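Raw run02.cif, mmCIF, C-alpha atoms and all ligand atoms:
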data_model
loop_
_atom_site.label_atom_id
_atom_site.label_comp_id
_atom_site.auth_asym_id
_atom_site.auth_seq_id
_atom_site.Cartn_x
_atom_site.Cartn_y
_atom_site.Cartn_z
CA MET I 1 -32.27 -6.26 27.09
CA LEU I 2 -31.52 -6.25 30.86
CA GLU I 3 -34.50 -5.25 32.97
CA VAL I 4 -34.36 -5.08 36.78
CA LYS I 5 -37.80 -4.54 38.28
CA GLY I 6 -38.53 -3.88 41.95
CA ILE I 7 -35.55 -5.84 43.18
CA SER I 8 -35.01 -6.10 46.95
CA ALA I 9 -32.14 -7.76 48.79
CA ALA I 10 -31.48 -8.36 52.46
CA TYR I 11 -28.60 -9.85 54.39
CA GLY I 12 -30.46 -11.51 57.25
CA GLN I 13 -32.48 -8.73 58.84
CA HIS I 14 -30.42 -6.03 57.14
CA PRO I 15 -32.04 -4.62 53.97
CA ALA I 16 -29.48 -3.65 51.33
CA LEU I 17 -31.83 -2.89 48.40
CA LYS I 18 -35.50 -1.96 48.35
CA GLY I 19 -37.52 -2.16 45.15
CA ALA I 20 -34.78 -0.99 42.78
CA SER I 21 -35.57 -0.82 39.06
CA VAL I 22 -32.89 -0.36 36.40
CA ARG I 23 -32.63 -1.18 32.72
CA VAL I 24 -29.77 -1.42 30.24
CA GLY I 25 -30.24 -1.44 26.48
CA LYS I 26 -27.97 -2.66 23.68
CA GLY I 27 -24.87 -0.52 23.30
CA GLU I 28 -25.84 1.70 26.21
CA ILE I 29 -23.68 2.79 29.17
CA VAL I 30 -25.71 3.15 32.34
CA VAL I 31 -24.07 4.39 35.52
CA ILE I 32 -25.20 3.81 39.11
CA LEU I 33 -24.07 6.52 41.51
CA GLY I 34 -24.45 6.25 45.25
CA ALA I 35 -22.63 6.68 48.53
CA ASN I 36 -20.86 3.87 50.35
CA GLY I 37 -23.30 1.25 51.56
CA ALA I 38 -26.15 2.44 49.31
CA GLY I 39 -26.50 -1.05 47.80
CA LYS I 40 -24.65 -0.66 44.46
CA SER I 41 -22.54 -3.81 44.71
CA THR I 42 -25.55 -5.72 46.00
CA LEU I 43 -27.44 -4.75 42.85
CA LEU I 44 -24.65 -6.05 40.58
CA LYS I 45 -24.29 -9.23 42.61
CA ALA I 46 -28.04 -9.84 42.48
CA ILE I 47 -27.96 -9.49 38.68
CA SER I 48 -25.10 -12.03 38.46
CA GLY I 49 -26.73 -14.44 40.91
CA ILE I 50 -23.96 -14.19 43.50
CA CYS I 51 -25.65 -12.05 46.17
CA GLU I 52 -25.13 -13.71 49.55
CA GLY I 53 -28.42 -12.24 50.80
CA LYS I 54 -32.03 -13.03 49.93
CA VAL I 55 -33.11 -11.49 46.63
CA THR I 56 -36.72 -10.88 45.60
CA GLY I 57 -38.26 -9.12 42.60
CA SER I 58 -37.57 -9.65 38.93
CA ILE I 59 -34.45 -9.45 36.78
CA THR I 60 -34.88 -10.42 33.14
CA MET I 61 -32.45 -10.67 30.26
CA ASN I 62 -34.20 -10.64 26.90
CA GLY I 63 -37.33 -11.80 28.74
CA HIS I 64 -35.65 -14.68 30.66
CA GLU I 65 -36.03 -14.49 34.43
CA LEU I 66 -32.63 -14.53 36.17
CA VAL I 67 -33.64 -14.48 39.85
CA GLY I 68 -32.96 -17.95 41.21
CA MET I 69 -30.76 -18.90 38.26
CA LYS I 70 -27.23 -20.23 38.91
CA PRO I 71 -24.39 -17.77 38.22
CA ASP I 72 -22.96 -19.82 35.34
CA ARG I 73 -26.42 -19.96 33.70
CA ILE I 74 -26.63 -16.18 34.02
CA VAL I 75 -23.31 -15.93 32.15
CA GLU I 76 -24.89 -18.07 29.43
CA GLU I 77 -27.74 -15.55 29.26
CA GLY I 78 -25.15 -12.95 28.29
CA ILE I 79 -24.23 -11.15 31.51
CA ALA I 80 -20.63 -10.85 32.68
CA LEU I 81 -19.48 -9.18 35.89
CA VAL I 82 -16.14 -7.48 36.41
CA PRO I 83 -16.03 -7.59 40.20
CA GLU I 84 -14.56 -4.95 42.43
CA GLY I 85 -10.91 -5.82 42.98
CA ARG I 86 -10.74 -7.43 39.50
CA GLY I 87 -10.37 -11.04 40.65
CA ILE I 88 -7.72 -11.90 38.09
CA PHE I 89 -5.24 -14.74 38.61
CA GLY I 90 -1.97 -12.98 39.30
CA ASP I 91 0.22 -16.03 38.69
CA LEU I 92 -1.25 -16.77 35.26
CA THR I 93 -0.28 -14.94 32.09
CA VAL I 94 -2.52 -12.36 30.47
CA GLU I 95 -3.60 -14.82 27.78
CA GLU I 96 -4.27 -17.58 30.30
CA ASN I 97 -6.49 -15.20 32.28
CA LEU I 98 -8.36 -14.23 29.13
CA THR I 99 -8.82 -17.83 28.05
CA LEU I 100 -10.35 -18.64 31.44
CA GLY I 101 -13.14 -16.23 30.56
CA ALA I 102 -14.12 -18.34 27.55
CA TYR I 103 -15.53 -21.21 29.62
CA ALA I 104 -19.15 -20.24 28.84
CA GLN I 105 -20.85 -22.46 26.28
CA ARG I 106 -21.97 -19.36 24.39
CA ALA I 107 -18.33 -18.34 23.97
CA LYS I 108 -16.60 -21.65 23.25
CA ASP I 109 -17.08 -21.65 19.50
CA ALA I 110 -16.00 -18.05 19.15
CA GLU I 111 -12.95 -18.14 21.41
CA GLU I 112 -10.48 -17.08 18.72
CA VAL I 113 -12.76 -14.30 17.46
CA ASN I 114 -13.40 -13.01 20.98
CA LEU I 115 -9.71 -13.11 21.83
CA ASP I 116 -8.97 -11.12 18.73
CA ARG I 117 -11.73 -8.63 19.64
CA VAL I 118 -10.22 -8.18 23.13
CA TYR I 119 -6.74 -7.70 21.66
CA THR I 120 -8.10 -5.18 19.17
CA LEU I 121 -9.78 -3.24 21.98
CA PHE I 122 -6.76 -3.49 24.28
CA PRO I 123 -3.65 -3.67 22.05
CA LYS I 124 -1.46 -3.57 25.15
CA LEU I 125 -2.83 -6.95 26.19
CA ARG I 126 -1.76 -8.46 22.88
CA GLU I 127 1.75 -7.06 23.37
CA ARG I 128 1.85 -8.42 26.90
CA ARG I 129 -0.04 -11.64 26.38
CA ARG I 130 2.75 -13.78 27.84
CA GLN I 131 3.34 -11.50 30.83
CA VAL I 132 2.40 -12.73 34.28
CA ALA I 133 -0.70 -10.75 35.24
CA ARG I 134 0.43 -9.64 38.69
CA THR I 135 3.37 -7.78 37.13
CA MET I 136 1.03 -5.56 35.09
CA SER I 137 0.08 -2.06 36.24
CA GLY I 138 -3.27 -1.54 37.98
CA GLY I 139 -4.83 -0.16 34.80
CA GLU I 140 -3.52 -3.03 32.70
CA GLN I 141 -4.83 -5.54 35.24
CA GLN I 142 -8.23 -3.87 35.00
CA MET I 143 -8.05 -4.31 31.22
CA VAL I 144 -7.30 -8.01 31.76
CA ALA I 145 -10.36 -8.26 34.03
CA ILE I 146 -12.58 -6.55 31.46
CA GLY I 147 -11.05 -8.60 28.66
CA ARG I 148 -11.69 -11.82 30.55
CA ALA I 149 -15.34 -10.84 31.08
CA MET I 150 -15.62 -10.06 27.37
CA MET I 151 -14.30 -13.51 26.50
CA SER I 152 -17.65 -14.92 27.69
CA ASN I 153 -19.21 -13.06 24.75
CA PRO I 154 -21.56 -10.98 26.92
CA ALA I 155 -24.42 -8.81 25.79
CA VAL I 156 -24.24 -6.83 29.04
CA LEU I 157 -21.08 -6.14 31.00
CA THR I 158 -21.47 -5.07 34.63
CA LEU I 159 -18.52 -3.42 36.37
CA ASP I 160 -18.11 -2.70 40.07
CA GLU I 161 -15.96 0.39 40.58
CA PRO I 162 -13.38 -0.39 37.92
CA SER I 163 -11.46 2.87 38.44
CA LEU I 164 -10.90 2.23 42.14
CA GLY I 165 -7.24 2.70 43.03
CA LEU I 166 -6.23 3.83 39.53
CA SER I 167 -4.30 7.02 38.84
CA PRO I 168 -6.20 9.76 36.96
CA LEU I 169 -4.30 8.89 33.79
CA LEU I 170 -5.10 5.19 34.00
CA SER I 171 -8.73 5.98 34.87
CA LYS I 172 -8.97 8.10 31.75
CA GLU I 173 -7.61 5.23 29.67
CA LEU I 174 -10.07 2.86 31.34
CA PHE I 175 -13.12 5.05 30.65
CA SER I 176 -12.19 5.47 27.01
CA SER I 177 -11.80 1.68 26.79
CA LEU I 178 -15.33 1.29 28.15
CA ARG I 179 -16.58 3.59 25.44
CA ALA I 180 -14.88 1.35 22.88
CA VAL I 181 -16.53 -1.71 24.46
CA ARG I 182 -19.92 0.02 24.24
CA ASP I 183 -19.27 0.80 20.57
CA THR I 184 -19.12 -2.95 19.88
CA GLY I 185 -22.81 -3.11 20.90
CA ILE I 186 -22.33 -4.41 24.44
CA GLY I 187 -24.52 -2.80 27.12
CA ILE I 188 -22.60 -1.60 30.18
CA LEU I 189 -23.90 -1.24 33.73
CA LEU I 190 -21.29 0.69 35.63
CA VAL I 191 -21.07 1.26 39.39
CA GLU I 192 -18.65 4.11 39.96
CA GLN I 193 -17.45 6.54 42.59
CA ASN I 194 -15.82 8.64 39.90
CA ALA I 195 -19.07 10.43 38.99
CA LYS I 196 -17.51 12.98 36.67
CA ALA I 197 -15.71 10.53 34.44
CA SER I 198 -18.52 7.99 34.43
CA LEU I 199 -21.23 10.54 33.60
CA ALA I 200 -19.00 11.82 30.80
CA ILE I 201 -19.13 8.45 29.01
CA ALA I 202 -22.60 7.28 30.14
CA ASP I 203 -25.91 7.56 28.29
CA ARG I 204 -28.10 7.38 31.38
CA GLY I 205 -27.71 7.15 35.13
CA TYR I 206 -29.47 6.25 38.38
CA LEU I 207 -28.91 7.61 41.87
CA LEU I 208 -29.07 4.93 44.52
CA GLU I 209 -29.51 6.30 47.99
CA ASN I 210 -29.84 4.29 51.15
CA THR I 211 -31.09 1.08 49.39
CA GLN I 212 -33.44 2.88 46.95
CA VAL I 213 -33.25 4.34 43.47
CA VAL I 214 -34.16 7.98 44.08
CA HIS I 215 -33.54 9.49 40.67
CA GLU I 216 -33.03 8.51 37.03
CA ASP I 217 -32.08 10.70 34.08
CA THR I 218 -29.83 11.07 31.08
CA ALA I 219 -26.17 11.35 32.00
CA ALA I 220 -26.06 14.85 30.53
CA ASN I 221 -28.94 16.02 32.75
CA LEU I 222 -27.48 14.35 35.83
CA ALA I 223 -24.15 16.07 35.25
CA LYS I 224 -25.96 19.44 35.14
CA ASP I 225 -28.19 18.75 38.15
CA PRO I 226 -27.09 21.05 41.02
CA ALA I 227 -27.97 18.42 43.65
CA VAL I 228 -25.87 15.81 41.83
CA GLN I 229 -23.07 18.31 41.46
CA LYS I 230 -23.12 19.00 45.18
CA ALA I 231 -23.24 15.37 46.20
CA TYR I 232 -21.01 13.70 43.63
CA LEU I 233 -19.15 16.21 41.51
CA GLY I 234 -17.43 18.29 44.17
CA GLY I 235 -19.74 21.31 43.71
CA ALA I 236 -18.78 24.50 45.55
CA ALA I 237 -21.30 23.98 48.34
CA ALA I 238 -20.52 20.31 48.69
CA LYS I 239 -21.15 19.09 52.20
CA PRO I 240 -22.21 15.67 53.37
CA GLY I 241 -25.96 15.49 52.79
CA ALA I 242 -26.11 19.03 51.41
CA GLY I 243 -28.23 18.20 48.35
CA LYS I 244 -31.98 17.43 48.38
CA GLY I 245 -31.82 14.05 49.99
CA MET I 246 -28.49 13.42 48.35
CA PRO I 247 -26.01 11.15 50.04
CA ALA I 248 -22.67 12.24 51.38
CA PRO I 249 -19.95 12.32 48.75
CA ALA I 250 -18.13 9.04 48.67
CA PRO I 251 -14.54 9.02 49.84
CA SER I 252 -12.06 8.24 47.12
CA ALA I 253 -9.67 6.23 49.28
CA PRO I 254 -9.11 2.72 47.96
CA ARG I 255 -10.93 0.05 49.93
CA PRO I 256 -10.29 -3.62 50.34
CA ALA I 257 -11.21 -5.76 47.35
CA LYS I 258 -14.63 -7.43 47.31
CA GLY I 259 -16.54 -9.57 44.88
CA PRO I 260 -16.07 -13.19 43.98
CA SER I 261 -12.67 -14.50 44.85
CA PRO I 262 -10.54 -16.22 42.21
CA SER I 263 -11.50 -19.57 43.72
CA GLU I 264 -15.20 -18.71 43.38
CA ILE I 265 -14.67 -17.74 39.75
CA ALA I 266 -12.72 -20.95 39.22
CA ALA I 267 -15.54 -22.89 40.90
CA GLN I 268 -18.02 -21.35 38.47
CA ALA I 269 -15.70 -22.17 35.58
CA MET I 270 -15.32 -25.75 36.79
CA ALA I 271 -19.07 -26.11 37.02
CA ARG I 272 -19.16 -25.57 33.25
CA MET I 273 -16.61 -28.27 32.48
CA ALA I 274 -18.31 -31.42 31.24
CA PRO I 275 -16.86 -33.85 32.03
CA PRO I 276 -14.09 -32.58 34.34
CA ALA I 277 -10.78 -33.13 32.57
CA LYS I 278 -8.78 -34.72 35.40
CA PRO I 279 -10.61 -35.01 38.71
CA ALA I 280 -7.36 -35.57 40.60
CA ALA I 281 -5.80 -32.40 39.18
CA ALA I 282 -8.69 -30.14 40.10
CA PRO I 283 -9.07 -29.90 43.88
CA ALA I 284 -12.29 -28.40 45.21
CA PRO I 285 -11.79 -24.65 45.50
CA THR I 286 -11.87 -23.29 49.00
CA PRO I 287 -14.96 -21.15 49.67
CA THR I 288 -13.04 -18.74 51.90
CA PRO I 289 -12.47 -15.28 50.39
CA GLN I 290 -8.97 -14.81 49.05
CA PRO I 291 -7.15 -11.49 49.26
CA GLU I 292 -6.38 -10.04 45.84
CA PRO I 293 -2.74 -9.59 44.92
CA ARG I 294 -2.84 -5.82 44.47
CA ALA I 295 0.70 -4.99 45.44
CA HIS I 296 3.13 -5.19 42.57
CA PRO I 297 6.40 -6.96 43.05
CA PRO I 298 9.41 -4.69 42.73
CA GLN I 299 10.51 -6.35 39.51
CA ARG I 300 8.43 -6.14 36.34
CA ALA I 301 8.32 -9.05 33.97
CA VAL I 302 10.04 -7.08 31.24
CA SER I 303 13.33 -7.95 32.94
CA GLN I 304 12.43 -11.64 33.23
CA PRO I 305 12.29 -14.16 30.44
CA ALA I 306 8.64 -14.53 29.50
CA PRO I 307 7.36 -18.07 29.98
CA VAL I 308 6.22 -19.61 26.73
CA PRO I 309 2.68 -20.95 27.04
CA PRO I 310 1.67 -24.14 25.32
CA ALA I 311 0.61 -23.72 21.69
CA ARG I 312 -2.99 -24.52 22.62
CA ILE I 313 -4.25 -23.51 26.06
CA ASP I 314 -6.16 -26.24 27.88
CA THR I 315 -8.91 -24.39 29.76
CA ALA I 316 -9.62 -27.28 32.15
CA ASP I 317 -5.95 -27.40 33.09
CA LEU I 318 -5.93 -23.61 33.56
CA VAL I 319 -8.95 -23.76 35.83
CA ALA I 320 -7.33 -26.49 37.90
CA ARG I 321 -4.11 -24.50 38.20
CA ALA I 322 -5.95 -21.27 38.98
CA SER I 323 -7.98 -23.03 41.62
CA GLN I 324 -4.83 -24.45 43.20
CA MET I 325 -3.14 -21.06 43.17
CA ALA I 326 -6.19 -19.36 44.65
CA SER I 327 -6.48 -21.90 47.44
CA ARG I 328 -2.76 -21.68 48.19
CA ARG I 329 -2.58 -17.90 48.00
CA GLY I 330 -1.61 -16.38 51.31
CA GLN I 331 -0.44 -19.69 52.77
CA PRO I 332 3.22 -20.19 53.61
CA PRO I 333 4.81 -22.61 51.17
CA ALA I 334 4.68 -26.14 52.52
CA ALA I 335 5.59 -25.47 56.13
CA PRO I 336 6.59 -28.65 57.97
CA LYS I 337 3.55 -30.22 59.52
CA PRO I 338 3.48 -30.44 63.33
CA GLY I 339 3.54 -33.96 64.65
CA PRO I 340 5.91 -36.70 65.74
CA MET I 341 9.12 -36.89 63.71
CA PRO I 342 10.01 -40.33 62.35
CA ALA I 343 12.90 -41.94 64.19
CA PRO I 344 16.16 -41.28 62.31
CA THR I 345 17.72 -44.41 60.90
CA LYS I 346 21.20 -42.84 60.86
CA PRO I 347 22.70 -40.21 63.14
CA ALA I 348 22.49 -36.78 61.53
CA ARG I 349 25.74 -35.30 60.21
CA ALA I 350 26.38 -32.56 62.73
CA ALA I 351 28.97 -30.74 60.61
CA SER I 352 26.78 -30.06 57.57
CA PRO I 353 25.45 -26.48 57.49
CA PRO I 354 21.68 -26.06 57.51
CA ARG I 355 20.34 -26.17 53.96
CA PRO I 356 17.33 -24.19 52.85
CA VAL I 357 14.36 -26.50 52.64
CA MET I 358 12.76 -26.75 49.19
CA PRO I 359 9.01 -26.51 49.60
CA ASP I 360 6.78 -29.23 48.25
CA LEU I 361 6.27 -28.16 44.66
CA THR I 362 3.91 -30.91 43.66
CA GLY I 363 1.36 -29.41 41.31
CA GLN I 364 2.97 -25.96 41.31
CA SER I 365 3.93 -24.27 38.08
CA ASP I 366 7.38 -24.63 36.57
CA ARG I 367 7.72 -20.90 36.91
CA LEU I 368 7.48 -21.07 40.68
CA ARG I 369 9.96 -23.96 40.77
CA ASP I 370 12.44 -21.97 38.65
CA MET I 371 12.04 -18.93 40.86
CA LEU I 372 12.66 -20.92 44.02
CA GLN I 373 15.71 -22.57 42.48
CA GLU I 374 17.04 -19.15 41.53
CA ILE I 375 16.53 -17.98 45.11
CA GLU I 376 18.36 -21.05 46.41
CA THR I 377 21.27 -20.48 44.04
CA ALA I 378 21.46 -16.80 44.96
CA ALA I 379 21.43 -17.69 48.67
CA ALA I 380 24.24 -20.23 48.15
CA ARG I 381 26.28 -17.61 46.26
CA ALA I 382 25.70 -15.10 49.05
CA ARG I 383 26.83 -17.67 51.62
CA ASP I 384 30.04 -18.35 49.61
CA ARG I 385 30.74 -14.65 49.27
CA SER I 386 30.38 -13.99 52.99
CA ARG I 387 32.56 -17.06 53.77
CA ASN I 388 35.27 -15.71 51.41
CA ARG I 389 35.05 -12.28 53.00
CA THR I 390 35.54 -13.69 56.53
CA ARG I 391 38.60 -15.70 55.32
CA GLN I 392 40.29 -12.57 53.87
CA PRO I 393 42.78 -10.90 56.24
P1 LIG K 1 -19.66 0.62 48.56
O1 LIG K 1 -19.66 1.77 47.65
O2 LIG K 1 -19.08 0.94 49.89
O3 LIG K 1 -19.12 -0.64 47.96
P2 LIG K 1 -22.30 -0.28 48.06
O4 LIG K 1 -23.23 0.77 47.65
O5 LIG K 1 -21.71 -1.14 47.00
O6 LIG K 1 -21.18 0.34 48.94
P3 LIG K 1 -23.14 -2.76 49.22
O7 LIG K 1 -21.80 -3.39 49.22
O8 LIG K 1 -24.13 -3.23 48.24
O9 LIG K 1 -23.04 -1.18 49.13
O10 LIG K 1 -23.75 -2.92 50.68
C1 LIG K 1 -25.05 -2.46 51.01
C2 LIG K 1 -25.30 -2.78 52.47
O11 LIG K 1 -25.34 -4.19 52.64
C3 LIG K 1 -24.22 -2.27 53.39
O12 LIG K 1 -24.84 -1.82 54.57
C4 LIG K 1 -23.36 -3.46 53.65
O13 LIG K 1 -22.77 -3.41 54.91
C5 LIG K 1 -24.36 -4.59 53.58
N1 LIG K 1 -23.73 -5.83 53.08
C6 LIG K 1 -23.13 -6.00 51.88
N2 LIG K 1 -22.70 -7.28 51.74
C7 LIG K 1 -23.06 -7.92 52.87
C8 LIG K 1 -22.91 -9.25 53.33
N3 LIG K 1 -22.30 -10.19 52.59
N4 LIG K 1 -23.38 -9.56 54.55
C9 LIG K 1 -24.01 -8.62 55.30
N5 LIG K 1 -24.19 -7.35 54.93
C10 LIG K 1 -23.72 -6.99 53.73
#
Take the structure from the file and write it as structure tokens.
Ligand code: ATP
Amino acid sequence: MLEVKGISAAYGQHPALKGASVRVGKGEIVVILGANGAGKSTLLKAISGICEGKVTGSITMNGHELVGMKPDRIVEEGIALVPEGRGIFGDLTVEENLTLGAYAQRAKDAEEVNLDRVYTLFPKLRERRRQVARTMSGGEQQMVAIGRAMMSNPAVLTLDEPSLGLSPLLSKELFSSLRAVRDTGIGILLVEQNAKASLAIADRGYLLENTQVVHEDTAANLAKDPAVQKAYLGGAAAKPGAGKGMPAPAPSAPRPAKGPSPSEIAAQAMARMAPPAKPAAAPAPTPTPQPEPRAHPPQRAVSQPAPVPPARIDTADLVARASQMASRRGQPPAAPKPGPMPAPTKPARAASPPRPVMPDLTGQSDRLRDMLQEIETAAARARDRSRNRTRQP
């Protein structure tokens, strides 16, 4: 199915992969183990056509050459990437995020069936389909990311460190979900730092060291290999570089999110829209990387009324909204622009207390508007309360 042969990648003068060969068959879980900087993410990005560096060599899917193909075409060939950091749209609901994954032509006709398959694999997502994604737990968000990738009806799913930042319990849940995905016949190429858990579910594995594949074996043999145990499985004599040419064990501390930003994913989705639904409603996504909303707000959606999505989700509209959200993420809401103020036609009323300024909500979701109005009302109530307190003797 997926065959990577002698692939090399370089970022300018810096080689990140040298002649790596990997293959993934139908219904097979293949794990790539390697220390930080070994080139694991570069390999997955090269397969999905989103490597920023120069890629040479051959990557074929069912005999079709992928090197040089556009990322959205690669999705049509049956490859879906779950990037490190998930890349889900925190302000959209679970179902909206999933529906965004169905933009591929190969998935359009089977959207309902695929959605049902995702909900069968991840029943929690069905229960929470109207919940805003950023209010989900880390593990649930990872399920949304995997579910969204599965909505493109892939034959091979590639995942970049999906257990990063998850608690042991959530990681366990995640790995058993991957097994269930494999059981549907999808091939899985998994980059993981959690060697023990990934080897436990994998069929085969590769060791990637310092840009090169140095070893390949069945997962069972790799798990028994003393050098692998020392380097990746916390063996008794584990020391950085203690094994035969094995890399230092990778630290488990969470790292900043990488991979395509939501706006890049939206850009890819928009590229598939023919013709674009409303040009004015879909601004060009910004190419700058967006930070992922990893922190959870203190309040979970269970205590908020769930927004009711439209009966039929319009994917083009979703993409436009997601793109807007991604490009606005991290920016202060509608700060007044610097520049000359227009001359006032009437003198300002000096006695009126300063009112909170409502940001420009044009194009924002109703949800955001409601939230801001609630904040305004709460602030007004707080002001009244403190006024009443100061009047009391
Ligand atoms: P980690 O486990 O830390 O994510 P990795 O094995 O996934 O590491 P890559 O992210 O593939 O490693 O990086 C391989 C090498 O390429 C590293 O030296 C890294 O600094 C470099 N690199 C990765 N992306 C870029 C980029 N966009 N520009 C320049 N260098 C890059």
Can I get the residues close to ligand LIG 1 (chain K) as a PyMOL selection string, where close means within 9 Å and we count only C-alpha atoms and all ligand atoms?
chain I and resi 9-12+14-17+33-45+51-53+84+160-161+191-193+208-211+250+255+258
For the residues in that selection, give me C-alpha atoms as a CSV table (one decimal), keeping the file's coordinate frame.
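part_24.csv was written with the following content:
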chain,number,residue,atom,x,y,z
I,9,ALA,CA,-32.1,-7.8,48.8
I,10,ALA,CA,-31.5,-8.4,52.5
I,11,TYR,CA,-28.6,-9.8,54.4
I,12,GLY,CA,-30.5,-11.5,57.2
I,14,HIS,CA,-30.4,-6.0,57.1
I,15,PRO,CA,-32.0,-4.6,54.0
I,16,ALA,CA,-29.5,-3.6,51.3
I,17,LEU,CA,-31.8,-2.9,48.4
I,33,LEU,CA,-24.1,6.5,41.5
I,34,GLY,CA,-24.4,6.2,45.2
I,35,ALA,CA,-22.6,6.7,48.5
I,36,ASN,CA,-20.9,3.9,50.4
I,37,GLY,CA,-23.3,1.2,51.6
I,38,ALA,CA,-26.2,2.4,49.3
I,39,GLY,CA,-26.5,-1.0,47.8
I,40,LYS,CA,-24.6,-0.7,44.5
I,41,SER,CA,-22.5,-3.8,44.7
I,42,THR,CA,-25.6,-5.7,46.0
I,43,LEU,CA,-27.4,-4.8,42.8
I,44,LEU,CA,-24.6,-6.0,40.6
I,45,LYS,CA,-24.3,-9.2,42.6
I,51,CYS,CA,-25.6,-12.0,46.2
I,52,GLU,CA,-25.1,-13.7,49.6
I,53,GLY,CA,-28.4,-12.2,50.8
I,84,GLU,CA,-14.6,-5.0,42.4
I,160,ASP,CA,-18.1,-2.7,40.1
I,161,GLU,CA,-16.0,0.4,40.6
I,191,VAL,CA,-21.1,1.3,39.4
I,192,GLU,CA,-18.6,4.1,40.0
I,193,GLN,CA,-17.4,6.5,42.6
I,208,LEU,CA,-29.1,4.9,44.5
I,209,GLU,CA,-29.5,6.3,48.0
I,210,ASN,CA,-29.8,4.3,51.2
I,211,THR,CA,-31.1,1.1,49.4
I,250,ALA,CA,-18.1,9.0,48.7
I,255,ARG,CA,-10.9,0.0,49.9
I,258,LYS,CA,-14.6,-7.4,47.3
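Taking atom CA of I:Lys172 as the reference point, atom CA of I:Arg129 is found at 22.3 Å.
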Please, what distance in Å, to one decimal, runs between atom CA of I:Gly90 and atom CA of I:Gln131?
10.1 Å
Atom CA of I:Gly85 to atom CA of I:Leu159: how many Å, to one decimal?
10.4 Å
Which residues are close to I:Ala102, i.e. within 9 Å by all atoms listed in the file, leaving aside same-chain residues fewer than 5 positions away? Reply as a PyMOL selection string.
chain I and resi 107-108+110-111+114-115+148-153+315
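For the choices I:Glu28, I:Glu95, I:Asp217, I:Asp183, the atom-to-atom distance to I:Leu2 is smallest for I:Glu28 when using all atoms listed in the file.
You can rank I:Asn62, I:Ala145, I:Arg130, I:Ala80 by their closest distance to I:Leu92 using all atoms listed in the file, and at the top of that list sits I:Arg130.
The nearest approach to I:Ile188 among the residues I:Asp203, I:Glu112, I:Glu77, I:Glu173, with only C-alpha atoms taken into account, belongs to I:Asp203.
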Around (-23.6, -7.6, 23.2), as given in the file, which residues come within 9 Å? Count only C-alpha atoms and list them as a PDB file with C-alpha atoms, in the frame of the given file.
ATOM      1  CA  LYS I  26     -27.970  -2.660  23.680  1.00  0.00           C
ATOM      2  CA  GLY I  27     -24.870  -0.520  23.300  1.00  0.00           C
ATOM      3  CA  GLY I  78     -25.150 -12.950  28.290  1.00  0.00           C
ATOM      4  CA  ASN I 153     -19.210 -13.060  24.750  1.00  0.00           C
ATOM      5  CA  PRO I 154     -21.560 -10.980  26.920  1.00  0.00           C
ATOM      6  CA  ALA I 155     -24.420  -8.810  25.790  1.00  0.00           C
ATOM      7  CA  VAL I 156     -24.240  -6.830  29.040  1.00  0.00           C
ATOM      8  CA  LEU I 157     -21.080  -6.140  31.000  1.00  0.00           C
ATOM      9  CA  ARG I 182     -19.920   0.020  24.240  1.00  0.00           C
ATOM     10  CA  THR I 184     -19.120  -2.950  19.880  1.00  0.00           C
ATOM     11  CA  GLY I 185     -22.810  -3.110  20.900  1.00  0.00           C
ATOM     12  CA  ILE I 186     -22.330  -4.410  24.440  1.00  0.00           C
ATOM     13  CA  GLY I 187     -24.520  -2.800  27.120  1.00  0.00           C
TER      14      GLY I 187
END
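Among the candidate residues I:Leu207, I:Ile88, I:Leu190, I:Met1, the one lying nearest to I:His64 is I:Met1, with distances computed using only C-alpha atoms.
If you measure from each of I:Lys224, I:Lys5, I:Arg134, I:Arg86 to I:Ala46 using only C-alpha atoms, the closest one turns out to be I:Lys5.
Proximity ranking of I:Gln141, I:Gln105, I:Thr56, I:Asn97 relative to I:Ile74 places I:Gln105 first, based on only C-alpha atoms.
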